[in-house]
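See below for start07.cif, which holds mmCIF, N, CA and C atoms.
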data_start
#
loop_
_atom_site.group_PDB
_atom_site.id
_atom_site.type_symbol
_atom_site.label_atom_id
_atom_site.label_comp_id
_atom_site.auth_asym_id
_atom_site.auth_seq_id
_atom_site.Cartn_x
_atom_site.Cartn_y
_atom_site.Cartn_z
ATOM 1 N N MET A 1 -10.683 8.647 -33.990
ATOM 2 C CA MET A 1 -10.420 8.124 -32.671
ATOM 3 C C MET A 1 -11.089 6.758 -32.569
ATOM 4 N N SER A 2 -10.389 5.825 -31.970
ATOM 5 C CA SER A 2 -10.925 4.467 -31.860
ATOM 6 C C SER A 2 -11.990 4.387 -30.765
ATOM 7 N N LEU A 3 -12.783 3.324 -30.810
ATOM 8 C CA LEU A 3 -13.780 3.091 -29.767
ATOM 9 C C LEU A 3 -13.100 3.007 -28.410
ATOM 10 N N THR A 4 -11.983 2.303 -28.326
ATOM 11 C CA THR A 4 -11.279 2.157 -27.050
ATOM 12 C C THR A 4 -10.849 3.511 -26.506
ATOM 13 N N GLN A 5 -10.323 4.373 -27.355
ATOM 14 C CA GLN A 5 -9.911 5.702 -26.901
ATOM 15 C C GLN A 5 -11.123 6.516 -26.433
ATOM 16 N N ARG A 6 -12.220 6.418 -27.155
ATOM 17 C CA ARG A 6 -13.437 7.123 -26.746
ATOM 18 C C ARG A 6 -13.948 6.586 -25.398
ATOM 19 N N LEU A 7 -13.872 5.275 -25.200
ATOM 20 C CA LEU A 7 -14.297 4.686 -23.928
ATOM 21 C C LEU A 7 -13.410 5.154 -22.773
ATOM 22 N N VAL A 8 -12.115 5.316 -23.014
ATOM 23 C CA VAL A 8 -11.211 5.831 -21.978
ATOM 24 C C VAL A 8 -11.661 7.223 -21.550
ATOM 25 N N LEU A 9 -12.015 8.069 -22.502
ATOM 26 C CA LEU A 9 -12.500 9.409 -22.156
ATOM 27 C C LEU A 9 -13.781 9.321 -21.333
ATOM 28 N N ARG A 10 -14.689 8.427 -21.720
ATOM 29 C CA ARG A 10 -15.944 8.245 -20.955
ATOM 30 C C ARG A 10 -15.667 7.774 -19.526
ATOM 31 N N ILE A 11 -14.717 6.863 -19.374
ATOM 32 C CA ILE A 11 -14.368 6.362 -18.043
ATOM 33 C C ILE A 11 -13.872 7.506 -17.166
ATOM 34 N N LEU A 12 -13.012 8.351 -17.707
ATOM 35 C CA LEU A 12 -12.452 9.444 -16.911
ATOM 36 C C LEU A 12 -13.490 10.512 -16.589
ATOM 37 N N VAL A 13 -14.458 10.726 -17.462
ATOM 38 C CA VAL A 13 -15.551 11.642 -17.139
ATOM 39 C C VAL A 13 -16.407 11.056 -16.021
ATOM 40 N N ALA A 14 -16.681 9.758 -16.094
ATOM 41 C CA ALA A 14 -17.545 9.102 -15.111
ATOM 42 C C ALA A 14 -16.880 8.933 -13.752
ATOM 43 N N HIS A 15 -15.574 8.660 -13.721
ATOM 44 C CA HIS A 15 -14.908 8.300 -12.469
ATOM 45 C C HIS A 15 -13.891 9.330 -11.990
ATOM 46 N N GLY A 16 -13.619 10.338 -12.800
ATOM 47 C CA GLY A 16 -12.627 11.338 -12.411
ATOM 48 C C GLY A 16 -11.212 10.824 -12.630
ATOM 49 N N GLU A 17 -10.260 11.534 -12.078
ATOM 50 C CA GLU A 17 -8.836 11.198 -12.230
ATOM 51 C C GLU A 17 -8.552 9.823 -11.624
ATOM 52 N N LEU A 18 -7.895 8.964 -12.424
ATOM 53 C CA LEU A 18 -7.598 7.590 -11.989
ATOM 54 C C LEU A 18 -6.209 7.189 -12.461
ATOM 55 N N PRO A 19 -5.568 6.246 -11.747
ATOM 56 C CA PRO A 19 -4.335 5.664 -12.287
ATOM 57 C C PRO A 19 -4.643 4.899 -13.578
ATOM 58 N N ALA A 20 -3.703 4.892 -14.507
ATOM 59 C CA ALA A 20 -3.902 4.230 -15.796
ATOM 60 C C ALA A 20 -4.299 2.767 -15.634
ATOM 61 N N GLY A 21 -3.724 2.070 -14.669
ATOM 62 C CA GLY A 21 -4.067 0.671 -14.436
ATOM 63 C C GLY A 21 -5.532 0.484 -14.060
ATOM 64 N N ARG A 22 -6.081 1.411 -13.292
ATOM 65 C CA ARG A 22 -7.505 1.327 -12.922
ATOM 66 C C ARG A 22 -8.401 1.659 -14.114
ATOM 67 N N VAL A 23 -7.956 2.593 -14.949
ATOM 68 C CA VAL A 23 -8.711 2.893 -16.168
ATOM 69 C C VAL A 23 -8.776 1.627 -17.029
ATOM 70 N N PHE A 24 -7.636 0.934 -17.159
ATOM 71 C CA PHE A 24 -7.595 -0.312 -17.922
ATOM 72 C C PHE A 24 -8.559 -1.343 -17.319
ATOM 73 N N GLY A 25 -8.589 -1.448 -15.998
ATOM 74 C CA GLY A 25 -9.499 -2.379 -15.337
ATOM 75 C C GLY A 25 -10.956 -2.061 -15.620
ATOM 76 N N HIS A 26 -11.329 -0.795 -15.503
ATOM 77 C CA HIS A 26 -12.707 -0.392 -15.822
ATOM 78 C C HIS A 26 -13.034 -0.713 -17.279
ATOM 79 N N LEU A 27 -12.094 -0.410 -18.159
ATOM 80 C CA LEU A 27 -12.311 -0.650 -19.584
ATOM 81 C C LEU A 27 -12.592 -2.124 -19.855
ATOM 82 N N MET A 28 -11.755 -2.996 -19.338
ATOM 83 C CA MET A 28 -11.884 -4.431 -19.629
ATOM 84 C C MET A 28 -13.068 -5.072 -18.922
ATOM 85 N N MET A 29 -13.405 -4.595 -17.721
ATOM 86 C CA MET A 29 -14.463 -5.250 -16.942
ATOM 87 C C MET A 29 -15.862 -4.701 -17.221
ATOM 88 N N ARG A 30 -15.943 -3.413 -17.603
ATOM 89 C CA ARG A 30 -17.277 -2.814 -17.678
ATOM 90 C C ARG A 30 -17.623 -2.126 -18.991
ATOM 91 N N TYR A 31 -16.640 -1.652 -19.721
ATOM 92 C CA TYR A 31 -16.930 -0.781 -20.863
ATOM 93 C C TYR A 31 -16.704 -1.438 -22.227
ATOM 94 N N GLU A 32 -15.614 -2.126 -22.390
ATOM 95 C CA GLU A 32 -15.258 -2.696 -23.701
ATOM 96 C C GLU A 32 -16.217 -3.835 -24.040
ATOM 97 N N PRO A 33 -16.957 -3.739 -25.170
ATOM 98 C CA PRO A 33 -17.923 -4.792 -25.500
ATOM 99 C C PRO A 33 -17.270 -6.126 -25.831
ATOM 100 N N LEU A 34 -16.082 -6.118 -26.418
ATOM 101 C CA LEU A 34 -15.361 -7.347 -26.746
ATOM 102 C C LEU A 34 -13.915 -7.203 -26.248
ATOM 103 N N PRO A 35 -13.667 -7.435 -24.949
ATOM 104 C CA PRO A 35 -12.317 -7.223 -24.413
ATOM 105 C C PRO A 35 -11.271 -8.039 -25.165
ATOM 106 N N TYR A 36 -10.212 -7.390 -25.556
ATOM 107 C CA TYR A 36 -9.167 -8.051 -26.345
ATOM 108 C C TYR A 36 -7.778 -7.529 -26.043
ATOM 109 N N LEU A 37 -7.653 -6.363 -25.487
ATOM 110 C CA LEU A 37 -6.367 -5.691 -25.320
ATOM 111 C C LEU A 37 -5.562 -6.242 -24.164
ATOM 112 N N GLY A 38 -4.254 -6.240 -24.341
ATOM 113 C CA GLY A 38 -3.349 -6.424 -23.223
ATOM 114 C C GLY A 38 -2.972 -5.054 -22.688
ATOM 115 N N ASN A 39 -2.337 -5.021 -21.532
ATOM 116 C CA ASN A 39 -2.043 -3.732 -20.922
ATOM 117 C C ASN A 39 -1.039 -2.900 -21.728
ATOM 118 N N LEU A 40 -0.090 -3.521 -22.407
ATOM 119 C CA LEU A 40 0.884 -2.744 -23.174
ATOM 120 C C LEU A 40 0.260 -2.130 -24.426
ATOM 121 N N MET A 41 -0.651 -2.837 -25.077
ATOM 122 C CA MET A 41 -1.358 -2.253 -26.219
ATOM 123 C C MET A 41 -2.253 -1.116 -25.751
ATOM 124 N N PHE A 42 -2.859 -1.274 -24.581
ATOM 125 C CA PHE A 42 -3.672 -0.201 -24.003
ATOM 126 C C PHE A 42 -2.811 1.043 -23.801
ATOM 127 N N HIS A 43 -1.627 0.843 -23.231
ATOM 128 C CA HIS A 43 -0.707 1.966 -23.013
ATOM 129 C C HIS A 43 -0.344 2.630 -24.341
ATOM 130 N N ALA A 44 -0.121 1.847 -25.371
ATOM 131 C CA ALA A 44 0.204 2.397 -26.692
ATOM 132 C C ALA A 44 -0.966 3.204 -27.261
ATOM 133 N N LEU A 45 -2.199 2.765 -27.025
ATOM 134 C CA LEU A 45 -3.370 3.497 -27.523
ATOM 135 C C LEU A 45 -3.580 4.826 -26.801
ATOM 136 N N LEU A 46 -3.072 4.928 -25.563
ATOM 137 C CA LEU A 46 -3.189 6.182 -24.820
ATOM 138 C C LEU A 46 -2.233 7.255 -25.323
ATOM 139 N N GLN A 47 -1.083 6.838 -25.846
ATOM 140 C CA GLN A 47 -0.030 7.793 -26.190
ATOM 141 C C GLN A 47 -0.457 8.901 -27.155
ATOM 142 N N PRO A 48 -1.196 8.609 -28.235
ATOM 143 C CA PRO A 48 -1.610 9.708 -29.108
ATOM 144 C C PRO A 48 -2.511 10.732 -28.415
ATOM 145 N N LEU A 49 -3.276 10.288 -27.413
ATOM 146 C CA LEU A 49 -4.158 11.197 -26.687
ATOM 147 C C LEU A 49 -3.389 12.051 -25.689
ATOM 148 N N ILE A 50 -2.264 11.542 -25.221
ATOM 149 C CA ILE A 50 -1.436 12.239 -24.222
ATOM 150 C C ILE A 50 -0.400 13.128 -24.888
ATOM 151 N N ASN A 51 0.240 12.628 -25.940
ATOM 152 C CA ASN A 51 1.389 13.317 -26.543
ATOM 153 C C ASN A 51 1.037 14.187 -27.743
ATOM 154 N N ALA A 52 -0.230 14.398 -28.005
ATOM 155 C CA ALA A 52 -0.656 15.236 -29.128
ATOM 156 C C ALA A 52 -0.299 16.700 -28.851
ATOM 157 N N PRO A 53 -0.180 17.513 -29.898
ATOM 158 C CA PRO A 53 0.058 18.947 -29.683
ATOM 159 C C PRO A 53 -1.011 19.586 -28.787
ATOM 160 N N HIS A 54 -2.246 19.116 -28.897
ATOM 161 C CA HIS A 54 -3.356 19.557 -28.047
ATOM 162 C C HIS A 54 -3.952 18.289 -27.431
ATOM 163 N N PRO A 55 -3.433 17.834 -26.291
ATOM 164 C CA PRO A 55 -3.821 16.520 -25.749
ATOM 165 C C PRO A 55 -5.253 16.459 -25.240
ATOM 166 N N LEU A 56 -5.811 15.258 -25.328
ATOM 167 C CA LEU A 56 -7.131 14.987 -24.764
ATOM 168 C C LEU A 56 -7.019 14.442 -23.348
ATOM 169 N N LEU A 57 -5.846 13.894 -23.018
ATOM 170 C CA LEU A 57 -5.578 13.363 -21.682
ATOM 171 C C LEU A 57 -4.330 14.002 -21.111
ATOM 172 N N TYR A 58 -4.342 14.181 -19.800
ATOM 173 C CA TYR A 58 -3.143 14.595 -19.078
ATOM 174 C C TYR A 58 -2.672 13.393 -18.274
ATOM 175 N N GLU A 59 -1.376 13.089 -18.357
ATOM 176 C CA GLU A 59 -0.786 11.986 -17.600
ATOM 177 C C GLU A 59 0.218 12.572 -16.622
ATOM 178 N N GLN A 60 0.034 12.256 -15.347
ATOM 179 C CA GLN A 60 0.965 12.710 -14.321
ATOM 180 C C GLN A 60 2.330 12.087 -14.582
ATOM 181 N N PRO A 61 3.391 12.885 -14.596
ATOM 182 C CA PRO A 61 4.725 12.321 -14.867
ATOM 183 C C PRO A 61 5.262 11.502 -13.693
ATOM 184 N N GLY A 62 6.224 10.632 -14.018
ATOM 185 C CA GLY A 62 6.951 9.866 -13.001
ATOM 186 C C GLY A 62 6.306 8.539 -12.665
ATOM 187 N N GLY A 63 7.147 7.615 -12.219
ATOM 188 C CA GLY A 63 6.665 6.306 -11.812
ATOM 189 C C GLY A 63 6.315 5.414 -12.989
ATOM 190 N N GLU A 64 5.861 4.224 -12.663
ATOM 191 C CA GLU A 64 5.450 3.276 -13.696
ATOM 192 C C GLU A 64 4.153 3.754 -14.322
ATOM 193 N N TRP A 65 3.983 3.495 -15.605
ATOM 194 C CA TRP A 65 2.835 4.061 -16.318
ATOM 195 C C TRP A 65 1.511 3.621 -15.713
ATOM 196 N N GLN A 66 1.417 2.426 -15.152
ATOM 197 C CA GLN A 66 0.162 1.925 -14.594
ATOM 198 C C GLN A 66 -0.301 2.753 -13.393
ATOM 199 N N GLN A 67 0.657 3.364 -12.669
ATOM 200 C CA GLN A 67 0.308 4.149 -11.490
ATOM 201 C C GLN A 67 0.160 5.642 -11.770
ATOM 202 N N ARG A 68 0.536 6.075 -12.958
ATOM 203 C CA ARG A 68 0.415 7.500 -13.287
ATOM 204 C C ARG A 68 -1.059 7.881 -13.399
ATOM 205 N N LEU A 69 -1.416 8.963 -12.751
ATOM 206 C CA LEU A 69 -2.794 9.425 -12.799
ATOM 207 C C LEU A 69 -3.116 9.999 -14.176
ATOM 208 N N LEU A 70 -4.299 9.669 -14.654
ATOM 209 C CA LEU A 70 -4.804 10.207 -15.915
ATOM 210 C C LEU A 70 -6.021 11.068 -15.617
ATOM 211 N N ARG A 71 -6.146 12.146 -16.367
ATOM 212 C CA ARG A 71 -7.371 12.930 -16.304
ATOM 213 C C ARG A 71 -7.665 13.488 -17.687
ATOM 214 N N ILE A 72 -8.925 13.697 -17.944
ATOM 215 C CA ILE A 72 -9.353 14.230 -19.230
ATOM 216 C C ILE A 72 -9.140 15.743 -19.231
ATOM 217 N N THR A 73 -8.705 16.283 -20.360
ATOM 218 C CA THR A 73 -8.522 17.722 -20.492
ATOM 219 C C THR A 73 -9.842 18.357 -20.952
ATOM 220 N N ALA A 74 -9.872 19.678 -20.944
ATOM 221 C CA ALA A 74 -11.062 20.383 -21.428
ATOM 222 C C ALA A 74 -11.324 20.042 -22.892
ATOM 223 N N LEU A 75 -10.257 19.953 -23.684
ATOM 224 C CA LEU A 75 -10.417 19.569 -25.086
ATOM 225 C C LEU A 75 -10.962 18.149 -25.194
ATOM 226 N N GLY A 76 -10.493 17.254 -24.328
ATOM 227 C CA GLY A 76 -11.001 15.889 -24.323
ATOM 228 C C GLY A 76 -12.498 15.836 -24.084
ATOM 229 N N GLU A 77 -12.981 16.645 -23.155
ATOM 230 C CA GLU A 77 -14.429 16.689 -22.895
ATOM 231 C C GLU A 77 -15.175 17.267 -24.090
ATOM 232 N N THR A 78 -14.610 18.281 -24.711
ATOM 233 C CA THR A 78 -15.235 18.884 -25.893
ATOM 234 C C THR A 78 -15.375 17.851 -27.007
ATOM 235 N N VAL A 79 -14.318 17.101 -27.273
ATOM 236 C CA VAL A 79 -14.350 16.075 -28.317
ATOM 237 C C VAL A 79 -15.309 14.952 -27.944
ATOM 238 N N LEU A 80 -15.269 14.515 -26.701
ATOM 239 C CA LEU A 80 -16.147 13.429 -26.265
ATOM 240 C C LEU A 80 -17.616 13.790 -26.431
ATOM 241 N N HIS A 81 -17.977 15.031 -26.145
ATOM 242 C CA HIS A 81 -19.374 15.458 -26.219
ATOM 243 C C HIS A 81 -19.789 15.912 -27.616
ATOM 244 N N GLY A 82 -18.905 15.690 -28.605
ATOM 245 C CA GLY A 82 -19.255 15.984 -29.985
ATOM 246 C C GLY A 82 -19.225 17.459 -30.354
ATOM 247 N N GLN A 83 -18.610 18.289 -29.503
ATOM 248 C CA GLN A 83 -18.543 19.720 -29.774
ATOM 249 C C GLN A 83 -17.234 20.100 -30.464
ATOM 250 N N GLY A 84 -16.404 19.128 -30.710
ATOM 251 C CA GLY A 84 -15.148 19.326 -31.408
ATOM 252 C C GLY A 84 -14.775 18.039 -32.114
ATOM 253 N N HIS A 85 -13.888 18.124 -33.075
ATOM 254 C CA HIS A 85 -13.477 16.949 -33.836
ATOM 255 C C HIS A 85 -12.001 16.690 -33.581
ATOM 256 N N TRP A 86 -11.659 15.475 -33.197
ATOM 257 C CA TRP A 86 -10.292 15.117 -32.834
ATOM 258 C C TRP A 86 -9.304 15.403 -33.956
ATOM 259 N N LEU A 87 -9.669 15.097 -35.186
ATOM 260 C CA LEU A 87 -8.732 15.282 -36.296
ATOM 261 C C LEU A 87 -8.438 16.755 -36.587
ATOM 262 N N ASP A 88 -9.265 17.648 -36.098
ATOM 263 C CA ASP A 88 -8.949 19.074 -36.218
ATOM 264 C C ASP A 88 -7.771 19.453 -35.320
ATOM 265 N N HIS A 89 -7.520 18.661 -34.297
ATOM 266 C CA HIS A 89 -6.462 18.939 -33.325
ATOM 267 C C HIS A 89 -5.303 17.967 -33.413
ATOM 268 N N GLN A 90 -5.436 16.931 -34.220
ATOM 269 C CA GLN A 90 -4.424 15.889 -34.363
ATOM 270 C C GLN A 90 -4.053 15.781 -35.835
ATOM 271 N N PRO A 91 -3.273 16.725 -36.363
ATOM 272 C CA PRO A 91 -3.033 16.773 -37.803
ATOM 273 C C PRO A 91 -2.151 15.686 -38.416
ATOM 274 N N PRO A 92 -1.291 14.969 -37.694
ATOM 275 C CA PRO A 92 -0.421 13.999 -38.380
ATOM 276 C C PRO A 92 -1.214 12.912 -39.117
ATOM 277 N N ASP A 93 -0.613 12.426 -40.203
ATOM 278 C CA ASP A 93 -1.198 11.319 -40.957
ATOM 279 C C ASP A 93 -1.293 10.084 -40.066
ATOM 280 N N ARG A 94 -2.240 9.210 -40.399
ATOM 281 C CA ARG A 94 -2.326 7.912 -39.734
ATOM 282 C C ARG A 94 -2.802 6.893 -40.749
ATOM 283 N N TRP A 95 -2.539 5.647 -40.461
ATOM 284 C CA TRP A 95 -2.919 4.558 -41.361
ATOM 285 C C TRP A 95 -4.010 3.737 -40.695
ATOM 286 N N VAL A 96 -5.066 3.467 -41.436
ATOM 287 C CA VAL A 96 -6.162 2.629 -40.951
ATOM 288 C C VAL A 96 -6.445 1.595 -42.033
ATOM 289 N N GLY A 97 -6.172 0.339 -41.745
ATOM 290 C CA GLY A 97 -6.450 -0.739 -42.688
ATOM 291 C C GLY A 97 -5.790 -0.551 -44.040
ATOM 292 N N GLY A 98 -4.580 -0.027 -44.063
ATOM 293 C CA GLY A 98 -3.865 0.169 -45.311
ATOM 294 C C GLY A 98 -4.234 1.442 -46.060
ATOM 295 N N VAL A 99 -5.053 2.291 -45.428
ATOM 296 C CA VAL A 99 -5.463 3.553 -46.043
ATOM 297 C C VAL A 99 -4.822 4.698 -45.265
ATOM 298 N N ASN A 100 -4.141 5.593 -45.979
ATOM 299 C CA ASN A 100 -3.515 6.747 -45.352
ATOM 300 C C ASN A 100 -4.577 7.827 -45.136
ATOM 301 N N ILE A 101 -4.812 8.187 -43.862
ATOM 302 C CA ILE A 101 -5.788 9.215 -43.503
ATOM 303 C C ILE A 101 -5.003 10.494 -43.211
ATOM 304 N N VAL A 102 -5.253 11.536 -44.002
ATOM 305 C CA VAL A 102 -4.590 12.832 -43.820
ATOM 306 C C VAL A 102 -5.616 13.771 -43.218
ATOM 307 N N ALA A 103 -5.339 14.278 -42.016
ATOM 308 C CA ALA A 103 -6.319 15.002 -41.240
ATOM 309 C C ALA A 103 -6.871 16.246 -41.922
ATOM 310 N N ASP A 104 -6.052 16.951 -42.665
ATOM 311 C CA ASP A 104 -6.535 18.212 -43.234
ATOM 312 C C ASP A 104 -7.051 18.073 -44.668
ATOM 313 N N GLN A 105 -7.309 16.842 -45.112
ATOM 314 C CA GLN A 105 -7.856 16.604 -46.448
ATOM 315 C C GLN A 105 -9.119 15.774 -46.351
ATOM 316 N N SER A 106 -10.016 15.956 -47.300
ATOM 317 C CA SER A 106 -11.226 15.139 -47.348
ATOM 318 C C SER A 106 -10.852 13.711 -47.731
ATOM 319 N N PRO A 107 -11.530 12.715 -47.153
ATOM 320 C CA PRO A 107 -11.197 11.327 -47.509
ATOM 321 C C PRO A 107 -11.610 10.994 -48.928
#
What does the file become when written as structure tokens?
Amino acid sequence: MSLTQRLVLRILVAHGELPAGRVFGHLMMRYEPLPYLGNLMFHALLQPLINAPHPLLYEQPGGEWQQRLLRITALGETVLHGQGHWLDHQPPDRWVGGVNIVADQSP
């Protein structure tokens, strides 16, 4: 999980359920040490946390994505507090810097 994704979970624990646009505002103004993201890249980074077989975030359906309410799931809190590992719940392969990371294999 990226630092930005982990910070999103921290924001939702600290502030409760918020519209995605407000989460982005908190992230850029208070949490991200080196702000760099645009709002569409932020939205793309949320998708794996929302659309996973066992999601870490719940997104209220309907409307524009910026206004959809986000909240952390019980699994999200477990992962954030180090009591669970994200890759145990997110089995698909992913690429990081040209390296294929397979969740169920040792690196």
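Between atom CA of A:Leu69 and atom CA of A:Leu18 the interatomic distance comes to 5.2 Å.
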Please evaluate the PyMOL selection byres ((chain A and resi 87-97) around 8) against the displayed coordinates and give the resulting residues as a list of chain:residue names.
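Matching residues under the PyMOL selection byres ((chain A and resi 87-97) around 8) are A:Met1, A:Ala52, A:Pro53, A:His54, A:Pro55, A:Gly84, A:His85, A:Trp86, A:Gly98, A:Val99, A:Asn100, A:Ile101, A:Val102, A:Ala103, A:Asp104.
The two atoms in question, atom N of A:Arg68 and atom CA of A:Ile50, are spaced 13.0 Å apart.
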To one decimal in Å, tell me the separation between atom CA of A:Gln67 and atom CA of A:Pro33.
24.7 Å
Taking into account only C-alpha atoms, which residue in the set A:Leu3, A:Val23, A:Leu37, A:Leu9 is nearest to A:Leu56?
A:Leu9
What residues have an atom no more than 8 Å from (-1.8, -3.3, -16.3) in the file's own frame, counting only N, CA and C atoms, and can you write them as JSON, numbers by chain?
{"A": [20, 21, 22, 24, 25, 38, 39, 40, 65, 66, 67]}
Output of the above residues as an mmCIF file, in the frame of the given file, restricted to N, CA and C atoms:
data_model
loop_
_atom_site.group_PDB
_atom_site.id
_atom_site.type_symbol
_atom_site.label_atom_id
_atom_site.label_comp_id
_atom_site.auth_asym_id
_atom_site.auth_seq_id
_atom_site.Cartn_x
_atom_site.Cartn_y
_atom_site.Cartn_z
ATOM 1 N N ALA A 20 -3.703 4.892 -14.507
ATOM 2 C CA ALA A 20 -3.902 4.230 -15.796
ATOM 3 C C ALA A 20 -4.299 2.767 -15.634
ATOM 4 N N GLY A 21 -3.724 2.070 -14.669
ATOM 5 C CA GLY A 21 -4.067 0.671 -14.436
ATOM 6 C C GLY A 21 -5.532 0.484 -14.060
ATOM 7 N N ARG A 22 -6.081 1.411 -13.292
ATOM 8 C CA ARG A 22 -7.505 1.327 -12.922
ATOM 9 C C ARG A 22 -8.401 1.659 -14.114
ATOM 10 N N PHE A 24 -7.636 0.934 -17.159
ATOM 11 C CA PHE A 24 -7.595 -0.312 -17.922
ATOM 12 C C PHE A 24 -8.559 -1.343 -17.319
ATOM 13 N N GLY A 25 -8.589 -1.448 -15.998
ATOM 14 C CA GLY A 25 -9.499 -2.379 -15.337
ATOM 15 C C GLY A 25 -10.956 -2.061 -15.620
ATOM 16 N N GLY A 38 -4.254 -6.240 -24.341
ATOM 17 C CA GLY A 38 -3.349 -6.424 -23.223
ATOM 18 C C GLY A 38 -2.972 -5.054 -22.688
ATOM 19 N N ASN A 39 -2.337 -5.021 -21.532
ATOM 20 C CA ASN A 39 -2.043 -3.732 -20.922
ATOM 21 C C ASN A 39 -1.039 -2.900 -21.728
ATOM 22 N N LEU A 40 -0.090 -3.521 -22.407
ATOM 23 C CA LEU A 40 0.884 -2.744 -23.174
ATOM 24 C C LEU A 40 0.260 -2.130 -24.426
ATOM 25 N N TRP A 65 3.983 3.495 -15.605
ATOM 26 C CA TRP A 65 2.835 4.061 -16.318
ATOM 27 C C TRP A 65 1.511 3.621 -15.713
ATOM 28 N N GLN A 66 1.417 2.426 -15.152
ATOM 29 C CA GLN A 66 0.162 1.925 -14.594
ATOM 30 C C GLN A 66 -0.301 2.753 -13.393
ATOM 31 N N GLN A 67 0.657 3.364 -12.669
ATOM 32 C CA GLN A 67 0.308 4.149 -11.490
ATOM 33 C C GLN A 67 0.160 5.642 -11.770
#
Run DSSP on the backbone and give me the residues of stretch 10-86 of chain A it puts in strand (DSSP E), as a list in words.
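Listing strand (DSSP E) positions across stretch 10-86 of chain A yields Leu18, Pro19, Leu57, Tyr58, Glu59, Leu69, Leu70, Arg71 and Ile72 of chain A.
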